[in-house]
Amino acid sequence: FTPNGDGMNDIFDPGFEGEYIGCVGFRIYDRWGEKVFDSNIGQYGWDGRTLRGVRAPTGTYFYILNIAGKEIRGSVYLSR
């Protein structure tokens with residue numbers, strides 16, 4: 001995704017709507033295993049900023065979704 005403020009692909013989210021909102025655990029980690037995003041902060045999509053509010057650098061990030069007792073893992077590429 002490309003969080004550059006052009007309105008296209010600026011937010012990476014798991015794509016769940018309706019009844020799933022608030023029930024999905026969504027975390028993103030950098031390649032060193034540091035958490036850069038956690039849906040528990042009241043935000044459901046990642047805007048490319050770390051938990052400290054700093055723009056995350058270009059690269060591959062890894063996500064973990066927990067929903068209905070199941071864990072889904074994957075990766076996303078952030079391009080600046």
# chains A, B, ... in the order shown; residues from 1 in each chain; ligands from 1

$ residues_around --residues "stretch 47-52 of chain A" --least-positions-apart "4" --cutoff "9 Å" --atoms "only C-alpha atoms" --output "mmCIF file with N, CA and C atoms, in the first residue's frame"
data_model
loop_
_atom_site.group_PDB
_atom_site.id
_atom_site.type_symbol
_atom_site.label_atom_id
_atom_site.label_comp_id
_atom_site.auth_asym_id
_atom_site.auth_seq_id
_atom_site.Cartn_x
_atom_site.Cartn_y
_atom_site.Cartn_z
ATOM 1 N N PHE A 1 0.846 -1.177 0.000
ATOM 2 C CA PHE A 1 0.000 0.000 0.000
ATOM 3 C C PHE A 1 0.881 1.227 0.000
ATOM 4 N N THR A 2 0.303 2.365 -0.340
ATOM 5 C CA THR A 2 1.089 3.589 -0.533
ATOM 6 C C THR A 2 0.474 4.754 0.255
ATOM 7 N N PRO A 3 0.790 4.866 1.536
ATOM 8 C CA PRO A 3 0.205 5.942 2.346
ATOM 9 C C PRO A 3 0.851 7.300 2.079
ATOM 10 N N ASP A 10 -4.158 4.396 0.728
ATOM 11 C CA ASP A 10 -3.515 5.082 1.842
ATOM 12 C C ASP A 10 -3.651 4.332 3.171
ATOM 13 N N ILE A 11 -4.610 3.427 3.265
ATOM 14 C CA ILE A 11 -4.867 2.682 4.494
ATOM 15 C C ILE A 11 -4.842 1.189 4.185
ATOM 16 N N PHE A 12 -4.147 0.432 5.024
ATOM 17 C CA PHE A 12 -4.170 -1.026 4.928
ATOM 18 C C PHE A 12 -5.055 -1.537 6.050
ATOM 19 N N ASP A 13 -6.119 -2.253 5.685
ATOM 20 C CA ASP A 13 -7.004 -2.816 6.707
ATOM 21 C C ASP A 13 -7.397 -4.230 6.321
ATOM 22 N N LYS A 35 6.248 -4.282 17.222
ATOM 23 C CA LYS A 35 4.870 -3.950 16.862
ATOM 24 C C LYS A 35 4.808 -2.495 16.422
ATOM 25 N N VAL A 36 4.237 -2.259 15.235
ATOM 26 C CA VAL A 36 4.105 -0.897 14.724
ATOM 27 C C VAL A 36 2.645 -0.444 14.674
ATOM 28 N N PHE A 37 1.701 -1.405 14.800
ATOM 29 C CA PHE A 37 0.290 -1.060 14.763
ATOM 30 C C PHE A 37 -0.489 -2.073 15.583
ATOM 31 N N ASP A 38 -1.521 -1.598 16.277
ATOM 32 C CA ASP A 38 -2.398 -2.467 17.050
ATOM 33 C C ASP A 38 -3.808 -1.905 16.965
ATOM 34 N N ALA A 56 6.461 4.986 9.041
ATOM 35 C CA ALA A 56 7.248 3.757 8.918
ATOM 36 C C ALA A 56 7.964 3.765 7.575
ATOM 37 N N PRO A 57 9.190 3.237 7.518
ATOM 38 C CA PRO A 57 9.935 3.217 6.262
ATOM 39 C C PRO A 57 9.391 2.190 5.272
ATOM 40 N N LEU A 78 4.846 -1.836 2.192
ATOM 41 C CA LEU A 78 4.585 -0.408 2.297
ATOM 42 C C LEU A 78 5.567 0.305 1.377
#

$ select_by_dssp --residues "chain A" --states "helix (DSSP H, G or I)" --output "PyMOL selection string"
chain A and resi 18-20+39-41

$ closest_residue --among "A:Ile72, A:Tyr77, A:Thr60, A:Leu65" --to "A:Phe26" --atoms "only C-alpha atoms"
A:Leu65

$ closest_residue --among "A:Arg55, A:Pro14, A:Ser39, A:Gly5" --to "A:Arg73" --atoms "only C-alpha atoms"
A:Pro14

$ atom_distance --atom1 "atom CA of A:Gly45" --atom2 "atom CA of A:Gly15"
8.7 Å

$ closest_residue --among "A:Asn66, A:Trp46, A:Asn9, A:Gly59" --to "A:Ser79" --atoms "only C-alpha atoms"
A:Gly59

$ select_by_dssp --residues "chain A" --states "strand (DSSP E or B)" --output "PyMOL selection string"
chain A and resi 12+25-29+35-38+46+49+55+59-67+70-78

$ atom_distance --atom1 "atom CA of A:Ile64" --atom2 "atom CA of A:Met8"
23.3 Å

$ closest_residue --among "A:Gly53, A:Arg27, A:Gly74, A:Arg80" --to "A:Asn4" --atoms "only C-alpha atoms"
A:Arg80
